[in-house]
Structures are given as structure tokens and as C-alpha cells.
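This is structure_3.csv. It holds CSV, C-alpha atoms.
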```csv
chain,number,residue,atom,x,y,z
A,235,MET,CA,-14.0,13.7,-9.9
A,236,PRO,CA,-13.0,15.5,-6.7
A,237,PRO,CA,-9.3,15.4,-5.8
A,238,ALA,CA,-8.2,13.3,-2.8
A,239,GLY,CA,-9.5,14.5,0.4
A,240,SER,CA,-11.4,17.4,-1.2
A,241,ASN,CA,-14.7,18.5,0.2
A,242,GLU,CA,-16.9,21.5,0.5
A,243,PRO,CA,-16.2,24.0,3.2
A,244,GLY,CA,-17.5,22.8,6.5
A,245,ALA,CA,-18.0,19.2,5.3
A,246,ALA,CA,-16.4,16.3,6.9
A,247,PRO,CA,-13.2,15.2,5.1
A,248,ARG,CA,-13.7,12.5,2.5
A,249,ARG,CA,-12.1,9.2,3.4
A,250,GLN,CA,-9.4,8.2,0.9
A,251,SER,CA,-9.8,5.1,-1.1
A,252,ILE,CA,-7.5,2.5,-2.7
A,253,LEU,CA,-8.5,0.2,-5.5
A,254,LEU,CA,-6.7,-3.1,-5.0
A,255,VAL,CA,-6.7,-5.5,-8.0
A,256,ASP,CA,-5.6,-9.2,-7.7
A,257,ASP,CA,-7.1,-12.4,-8.9
A,258,GLU,CA,-5.8,-14.3,-5.8
A,259,ALA,CA,-8.5,-13.8,-3.1
A,260,ASP,CA,-6.1,-14.6,-0.2
A,261,ILE,CA,-3.6,-12.0,-1.3
A,262,ARG,CA,-6.3,-9.4,-2.1
A,263,ASP,CA,-8.1,-9.9,1.3
A,264,SER,CA,-4.8,-10.0,3.3
A,265,LEU,CA,-3.5,-6.8,1.8
A,266,LYS,CA,-6.9,-5.1,2.2
A,267,MET,CA,-7.0,-6.0,5.9
A,268,LEU,CA,-3.4,-4.9,6.4
A,269,ILE,CA,-4.0,-1.5,4.8
A,270,GLU,CA,-7.3,-0.8,6.6
A,271,ALA,CA,-5.9,-1.9,9.9
A,272,SER,CA,-2.7,0.2,9.5
A,273,ILE,CA,-3.9,3.4,7.9
A,274,ASP,CA,-6.7,5.6,9.3
A,275,ASP,CA,-9.5,7.0,7.1
A,276,VAL,CA,-8.9,4.7,4.2
A,277,ASP,CA,-11.3,2.4,2.4
A,278,VAL,CA,-9.9,-0.4,0.2
A,279,LEU,CA,-12.1,-1.4,-2.7
A,280,THR,CA,-11.2,-4.7,-4.3
A,281,ALA,CA,-11.5,-6.2,-7.7
A,282,GLU,CA,-10.6,-9.7,-8.9
A,283,SER,CA,-9.7,-8.6,-12.5
A,284,GLY,CA,-8.7,-5.7,-14.6
A,285,MET,CA,-12.2,-5.5,-16.2
A,286,VAL,CA,-13.9,-5.4,-12.8
A,287,ALA,CA,-11.5,-2.7,-11.7
A,288,LEU,CA,-12.1,-0.6,-14.7
A,289,GLU,CA,-15.8,-0.7,-14.0
A,290,ALA,CA,-15.1,0.3,-10.4
A,291,LEU,CA,-13.1,3.3,-11.7
A,292,GLN,CA,-16.1,4.4,-13.7
A,293,ARG,CA,-18.3,4.4,-10.6
A,294,GLN,CA,-16.0,6.0,-8.0
A,295,PRO,CA,-12.8,8.0,-7.9
A,296,VAL,CA,-9.9,6.5,-6.0
A,297,ASP,CA,-6.7,7.9,-4.6
A,298,LEU,CA,-4.4,5.0,-5.4
A,299,ILE,CA,-4.5,1.9,-7.5
A,300,ILE,CA,-2.5,-1.2,-6.6
A,301,THR,CA,-2.6,-4.1,-9.0
A,302,ASP,CA,-1.0,-7.5,-9.5
A,303,TYR,CA,0.8,-8.1,-12.8
A,304,LYS,CA,-0.1,-11.7,-13.7
A,305,MET,CA,-3.9,-12.1,-13.9
A,306,PRO,CA,-6.1,-14.0,-16.4
A,307,GLY,CA,-7.8,-12.0,-19.1
A,308,MET,CA,-6.0,-8.7,-18.7
A,309,ASN,CA,-2.6,-8.4,-17.1
A,310,GLY,CA,-1.8,-5.7,-14.6
A,311,LEU,CA,0.2,-3.7,-17.0
A,312,ASP,CA,-2.6,-3.6,-19.6
A,313,PHE,CA,-5.0,-2.7,-16.8
A,314,LEU,CA,-2.8,0.2,-15.5
A,315,HIS,CA,-2.4,1.5,-19.1
A,316,ARG,CA,-6.2,1.6,-19.4
A,317,ALA,CA,-6.6,3.0,-15.8
A,318,GLN,CA,-4.2,5.8,-16.7
A,319,LYS,CA,-6.7,6.9,-19.4
A,320,ALA,CA,-9.7,6.6,-17.0
A,321,ALA,CA,-8.0,8.2,-14.0
A,322,PRO,CA,-4.9,10.0,-15.2
A,323,LYS,CA,-4.0,11.7,-12.0
A,324,THR,CA,-4.4,8.6,-9.8
A,325,PRO,CA,-1.1,7.1,-8.7
A,326,ARG,CA,-0.5,3.5,-9.6
A,327,ILE,CA,1.5,0.6,-8.1
A,328,LEU,CA,2.3,-2.7,-9.8
A,329,VAL,CA,3.0,-5.8,-7.8
A,330,THR,CA,4.5,-8.9,-9.4
A,331,ALA,CA,5.9,-12.3,-8.4
A,332,PHE,CA,7.8,-12.3,-11.7
A,333,PRO,CA,10.4,-9.5,-11.5
A,334,ASP,CA,11.5,-8.6,-15.0
A,335,LEU,CA,13.3,-5.5,-16.1
A,336,GLU,CA,11.3,-5.2,-19.3
A,337,ILE,CA,8.0,-5.3,-17.3
A,338,ALA,CA,9.3,-2.6,-14.9
A,339,ILE,CA,10.4,-0.3,-17.8
A,340,LYS,CA,7.1,-0.7,-19.6
A,341,ALA,CA,5.2,-0.1,-16.3
A,342,ILE,CA,7.1,3.1,-15.7
A,343,ASN,CA,7.0,4.4,-19.3
A,344,GLU,CA,3.7,3.2,-20.6
A,345,ALA,CA,1.5,3.0,-17.5
A,346,GLY,CA,3.1,5.8,-15.4
A,347,ILE,CA,3.4,3.7,-12.2
A,348,GLU,CA,4.6,5.3,-9.0
A,349,ASN,CA,6.1,2.1,-7.6
A,350,PHE,CA,6.9,-1.5,-8.4
A,351,PHE,CA,6.9,-4.2,-5.8
A,352,THR,CA,8.0,-7.8,-6.1
A,353,LYS,CA,6.3,-10.7,-4.2
A,354,PRO,CA,6.9,-11.6,-1.5
A,355,PHE,CA,7.0,-8.0,-0.3
A,356,GLU,CA,7.6,-6.6,3.1
A,357,PRO,CA,4.3,-5.3,4.5
A,358,GLU,CA,5.9,-2.3,6.2
A,359,GLN,CA,7.6,-1.2,2.9
A,360,VAL,CA,4.3,-1.3,1.1
A,361,LEU,CA,2.5,0.5,3.9
A,362,GLY,CA,5.2,3.2,3.9
A,363,VAL,CA,4.8,3.8,0.2
A,364,VAL,CA,1.0,3.8,0.4
A,365,ARG,CA,1.0,6.2,3.4
A,366,GLU,CA,3.4,8.6,1.5
A,367,ILE,CA,1.3,8.6,-1.7
A,368,LEU,CA,-1.9,9.2,0.3
A,369,GLN,CA,-0.3,12.0,2.2
A,370,GLU,CA,0.8,13.6,-1.0
A,371,GLN,CA,-2.7,13.3,-2.4
A,372,LYS,CA,-4.1,14.9,0.7
A,373,ALA,CA,-1.6,17.7,0.6
A,374,ALA,CA,-2.4,18.4,-3.1
A,375,ALA,CA,-6.1,18.5,-2.3
A,376,MET,CA,-5.5,21.0,0.6
A,377,ARG,CA,-3.4,23.2,-1.7
A,378,ASN,CA,-6.2,23.1,-4.4
A,379,LEU,CA,-8.8,24.0,-1.8
A,380,SER,CA,-6.8,26.8,-0.4
A,381,PHE,CA,-6.2,28.2,-3.9
A,382,ALA,CA,-9.9,28.0,-4.7
A,383,ARG,CA,-10.8,29.8,-1.5
A,384,SER,CA,-8.2,32.5,-2.3
A,385,LEU,CA,-9.6,33.0,-5.8
A,386,ASP,CA,-13.1,33.2,-4.3
A,387,VAL,CA,-12.0,35.9,-1.8
A,388,MET,CA,-10.3,37.9,-4.6
A,389,ARG,CA,-13.4,37.6,-6.8
A,390,ARG,CA,-15.7,38.8,-4.0
A,391,ASN,CA,-13.3,41.7,-3.3
A,392,LEU,CA,-13.3,42.7,-6.9
A,393,GLU,CA,-17.1,42.6,-7.1
A,394,LYS,CA,-17.3,44.9,-4.1
A,395,LYS,CA,-15.1,47.5,-5.8
A,396,GLU,CA,-17.3,47.6,-8.9
```

Starting from the coordinates I provided, produce the structure as C-alpha cells.
Amino acid sequence: MPPAGSNEPGAAPRRQSILLVDDEADIRDSLKMLIEASIDDVDVLTAESGMVALEALQRQPVDLIITDYKMPGMNGLDFLHRAQKAAPKTPRILVTAFPDLEIAIKAINEAGIENFFTKPFEPEQVLGVVREILQEQKAAAMRNLSFARSLDVMRRNLEKKE
């Protein structure tokens, strides 16, 4: 899977993507609209369950995962734990209406979450965190691309000397 924002030299930058998982359609759709209206060059993929989200992760790399905690079938913490195995370098955010210290500790220790929000949340706070994570992803991709280009130049210079 290519890192966030990575692309071949000369190609248009890849739009970043967020996987948003929530069983409540109104919350899922509202957060999707908020993010897409507020952050440029971002696509928000949605899933109504952890299983659907895991299938989406198999089809397409994402730059950030945001999931609700309380969902039928597979809760958000279980989903994030499985998502960590499927996409280990993808930052994860857990959202819950049921703030619980034990859940927060498990989310950090077992699922490697980046952030934890409680409902109702302030939209600007969520947007600020999402922007920061996406910018970090983009910066890392740029560093990786620059490093790869430097290695390529060094390799070509070495081949010329032989």
C-alpha cells in the first residue's frame, strides 16, 4: 500500500482518504459531510459496521480510521484491534458516547489509537485533530519520496562510476 500522499514522480498527488465507521447513519453522514466540506483533497469512505470496514481496508489503503465504540456485532475497540493488524501504520481514532477509563486505556494499549473523543464532540476539535494527522501523513510521505529519490540518484551516480 502506498503511503499517504505518495505518487510517482510527475503524477498528480493522491487524495487522502479517511475510513469512517459508525452504525448510526445520521452521525456517519454528518461527520462525512463536515470533513469533506472542511478539509481539501480528502475522501471519506464510510462503513456501517466493523466487518464492512475491514473489507474496505482490504480493498483500499486509507490515511486515517475513525470509528464509533458501541456498534452491534463488533465494537469499535475490537474493530480497531483488527484494523491495526490489517493497516498497522494507519492512525486510528475512537469515538464513544460512553466515556470509560478502562475503554480508553485498552484503546491506547491494545488498538494503538491516536485520539479518543467522547460524544457529543466539538466539530472544530475533531477537524483540528484530523487535519493534524493528515498533515503528518503527508509530511511522512514527502520524506519517504525524497529519500527514495536521493537513493535513486546515488545509485545512478554509482553505476556511472563503474

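Minimum atom-to-atom distances from A:Met388, A:Ile261, A:Ala290, A:Leu254 to Val278 in chain A were compared using all atoms listed in the file, and the lowest value belongs to A:Leu254.
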
Q. Pick from A:Leu392, A:Val276, A:Ile347, A:Met285: nearest to Gln369 in chain A, with all atoms listed in the file counted?
A. A:Val276

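Taking CA of Phe351 in chain A as the reference point, CA of Glu336 in chain A is found at 14.2 Å.
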
Q: Would you mind listing what lies within 8 Å of Val296 in chain A as an MDAnalysis selection string, with all atoms listed in the file counted and same-chain residues fewer than 3 positions away left out?
A: chainID A and resid 238 250:253 291 299 324

Q: Choose the residue, out of A:Arg383, A:Arg248, A:Arg326, A:Lys394, that has the smallest atom-to-atom separation from Asp302 in chain A; count all atoms listed in the file.
A: A:Arg326

Q) Which one is closest to Lys323 in chain A: A:Gly362, A:Pro354, A:Gly310, A:Pro295? Count only C-alpha atoms. A)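 The answer is A:Pro295, which sits nearest to Lys323 in chain A.
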
Q | Separation of CA of Pro325 in chain A from CA of Leu298 in chain A, in Å and rounded to one decimal | A |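 Pair CA of Pro325 in chain A / CA of Leu298 in chain A returns 5.1 Å.
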
Q.
Let me make sure I understand: among A:Leu268, A:Ala320, A:Val255, A:Ile342, which one has the smallest atom-to-atom distance to Pro306 in chain A if we use all atoms listed in the file?
A.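 Answer, going by the shortest atom-to-atom distance: A:Val255.
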
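Going from CA of Gly307 in chain A to CA of Gly284 in chain A covers 7.8 Å.
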
Q. With distances taken over only C-alpha atoms, which of A:Asp312, A:Ala374, A:Asp274, A:Ala317 is nearest to Lys340 in chain A?
A. A:Asp312

Q) Tyr303 in chain A: which residues within 12 Å, counting only C-alpha atoms, same-chain residues fewer than 4 positions away excluded, as a VMD selection string? A) chain A and resid 254 to 258 283 to 284 307 to 315 327 to 334 337 to 338 340 to 341 350 to 353

Q: Write out as a ChimeraX atom specification the residues lying within 10 Å of Val363 in chain A, counting all atoms listed in the file and excluding same-chain residues fewer than 4 positions away.
A: /A:327,348-349,358-359,367-369

Write a file for range 264-350 of chain A of the given structure; include C-alpha atoms and format it as a PDB file, in the first residue's frame.
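As written to disk, result08.pdb reads:
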```pdb
ATOM      1  CA  SER A 264     -22.952  14.316   9.185  1.00  0.00           C
ATOM      2  CA  LEU A 265     -19.302  13.684  10.059  1.00  0.00           C
ATOM      3  CA  LYS A 266     -18.536  12.713   6.446  1.00  0.00           C
ATOM      4  CA  MET A 267     -20.087  15.952   5.154  1.00  0.00           C
ATOM      5  CA  LEU A 268     -18.302  18.033   7.797  1.00  0.00           C
ATOM      6  CA  ILE A 269     -14.880  16.589   6.983  1.00  0.00           C
ATOM      7  CA  GLU A 270     -15.267  16.743   3.204  1.00  0.00           C
ATOM      8  CA  ALA A 271     -16.579  20.337   3.377  1.00  0.00           C
ATOM      9  CA  SER A 272     -13.819  21.476   5.738  1.00  0.00           C
ATOM     10  CA  ILE A 273     -10.680  19.686   4.531  1.00  0.00           C
ATOM     11  CA  ASP A 274      -9.457  19.878   0.932  1.00  0.00           C
ATOM     12  CA  ASP A 275      -8.364  16.828  -1.083  1.00  0.00           C
ATOM     13  CA  VAL A 276      -9.911  14.284   1.288  1.00  0.00           C
ATOM     14  CA  ASP A 277     -12.332  11.484   0.514  1.00  0.00           C
ATOM     15  CA  VAL A 278     -14.334   9.957   3.350  1.00  0.00           C
ATOM     16  CA  LEU A 279     -15.261   6.310   2.928  1.00  0.00           C
ATOM     17  CA  THR A 280     -17.977   5.082   5.255  1.00  0.00           C
ATOM     18  CA  ALA A 281     -18.897   1.748   6.774  1.00  0.00           C
ATOM     19  CA  GLU A 282     -21.830   0.848   8.985  1.00  0.00           C
ATOM     20  CA  SER A 283     -20.010  -1.931  10.853  1.00  0.00           C
ATOM     21  CA  GLY A 284     -16.579  -3.215  11.759  1.00  0.00           C
ATOM     22  CA  MET A 285     -16.886  -6.125   9.335  1.00  0.00           C
ATOM     23  CA  VAL A 286     -17.755  -3.837   6.412  1.00  0.00           C
ATOM     24  CA  ALA A 287     -14.858  -1.562   7.403  1.00  0.00           C
ATOM     25  CA  LEU A 288     -12.388  -4.466   7.480  1.00  0.00           C
ATOM     26  CA  GLU A 289     -13.495  -5.430   3.981  1.00  0.00           C
ATOM     27  CA  ALA A 290     -12.948  -1.813   2.858  1.00  0.00           C
ATOM     28  CA  LEU A 291      -9.415  -1.882   4.311  1.00  0.00           C
ATOM     29  CA  GLN A 292      -8.648  -4.935   2.174  1.00  0.00           C
ATOM     30  CA  ARG A 293      -9.724  -3.090  -0.986  1.00  0.00           C
ATOM     31  CA  GLN A 294      -8.144   0.313  -0.448  1.00  0.00           C
ATOM     32  CA  PRO A 295      -5.487   1.931   1.738  1.00  0.00           C
ATOM     33  CA  VAL A 296      -6.663   4.760   3.966  1.00  0.00           C
ATOM     34  CA  ASP A 297      -4.801   7.517   5.762  1.00  0.00           C
ATOM     35  CA  LEU A 298      -6.942   7.612   8.900  1.00  0.00           C
ATOM     36  CA  ILE A 299      -9.586   5.466  10.592  1.00  0.00           C
ATOM     37  CA  ILE A 300     -12.303   6.990  12.766  1.00  0.00           C
ATOM     38  CA  THR A 301     -14.720   4.612  14.469  1.00  0.00           C
ATOM     39  CA  ASP A 302     -17.504   4.646  16.985  1.00  0.00           C
ATOM     40  CA  TYR A 303     -17.113   2.366  20.005  1.00  0.00           C
ATOM     41  CA  LYS A 304     -20.597   0.960  20.547  1.00  0.00           C
ATOM     42  CA  MET A 305     -21.749  -0.908  17.453  1.00  0.00           C
ATOM     43  CA  PRO A 306     -23.625  -4.189  17.071  1.00  0.00           C
ATOM     44  CA  GLY A 307     -21.634  -7.279  16.170  1.00  0.00           C
ATOM     45  CA  MET A 308     -18.129  -5.927  16.643  1.00  0.00           C
ATOM     46  CA  ASN A 309     -17.442  -2.966  18.890  1.00  0.00           C
ATOM     47  CA  GLY A 310     -15.068  -0.224  17.802  1.00  0.00           C
ATOM     48  CA  LEU A 311     -12.235  -1.406  20.016  1.00  0.00           C
ATOM     49  CA  ASP A 312     -12.354  -4.912  18.525  1.00  0.00           C
ATOM     50  CA  PHE A 313     -12.509  -3.399  15.046  1.00  0.00           C
ATOM     51  CA  LEU A 314      -9.507  -1.132  15.725  1.00  0.00           C
ATOM     52  CA  HIS A 315      -7.510  -4.050  17.080  1.00  0.00           C
ATOM     53  CA  ARG A 316      -8.171  -5.996  13.860  1.00  0.00           C
ATOM     54  CA  ALA A 317      -7.601  -2.870  11.736  1.00  0.00           C
ATOM     55  CA  GLN A 318      -4.209  -2.431  13.391  1.00  0.00           C
ATOM     56  CA  LYS A 319      -3.205  -5.828  12.023  1.00  0.00           C
ATOM     57  CA  ALA A 320      -4.579  -5.033   8.546  1.00  0.00           C
ATOM     58  CA  ALA A 321      -3.166  -1.491   8.359  1.00  0.00           C
ATOM     59  CA  PRO A 322      -0.536  -1.127  11.104  1.00  0.00           C
ATOM     60  CA  LYS A 323       0.704   2.321  10.086  1.00  0.00           C
ATOM     61  CA  THR A 324      -2.735   3.883   9.721  1.00  0.00           C
ATOM     62  CA  PRO A 325      -3.638   6.249  12.578  1.00  0.00           C
ATOM     63  CA  ARG A 326      -6.843   5.401  14.436  1.00  0.00           C
ATOM     64  CA  ILE A 327      -9.376   7.486  16.387  1.00  0.00           C
ATOM     65  CA  LEU A 328     -12.061   6.053  18.680  1.00  0.00           C
ATOM     66  CA  VAL A 329     -15.305   7.957  19.329  1.00  0.00           C
ATOM     67  CA  THR A 330     -17.690   6.991  22.111  1.00  0.00           C
ATOM     68  CA  ALA A 331     -20.753   8.263  23.914  1.00  0.00           C
ATOM     69  CA  PHE A 332     -19.735   6.142  26.895  1.00  0.00           C
ATOM     70  CA  PRO A 333     -16.515   7.615  28.334  1.00  0.00           C
ATOM     71  CA  ASP A 334     -14.814   4.955  30.397  1.00  0.00           C
ATOM     72  CA  LEU A 335     -11.221   4.990  31.612  1.00  0.00           C
ATOM     73  CA  GLU A 336     -10.868   1.239  31.041  1.00  0.00           C
ATOM     74  CA  ILE A 337     -12.002   1.585  27.409  1.00  0.00           C
ATOM     75  CA  ALA A 338      -9.584   4.478  26.879  1.00  0.00           C
ATOM     76  CA  ILE A 339      -6.658   2.512  28.326  1.00  0.00           C
ATOM     77  CA  LYS A 340      -7.483  -0.556  26.213  1.00  0.00           C
ATOM     78  CA  ALA A 341      -7.866   1.629  23.120  1.00  0.00           C
ATOM     79  CA  ILE A 342      -4.432   3.140  23.619  1.00  0.00           C
ATOM     80  CA  ASN A 343      -2.608  -0.021  24.688  1.00  0.00           C
ATOM     81  CA  GLU A 344      -4.304  -2.679  22.572  1.00  0.00           C
ATOM     82  CA  ALA A 345      -5.504  -0.840  19.473  1.00  0.00           C
ATOM     83  CA  GLY A 346      -2.850   1.876  19.260  1.00  0.00           C
ATOM     84  CA  ILE A 347      -5.306   4.728  18.854  1.00  0.00           C
ATOM     85  CA  GLU A 348      -4.089   8.260  18.180  1.00  0.00           C
ATOM     86  CA  ASN A 349      -7.040  10.017  19.804  1.00  0.00           C
ATOM     87  CA  PHE A 350     -10.167   9.364  21.804  1.00  0.00           C
TER      88      PHE A 350
END
```
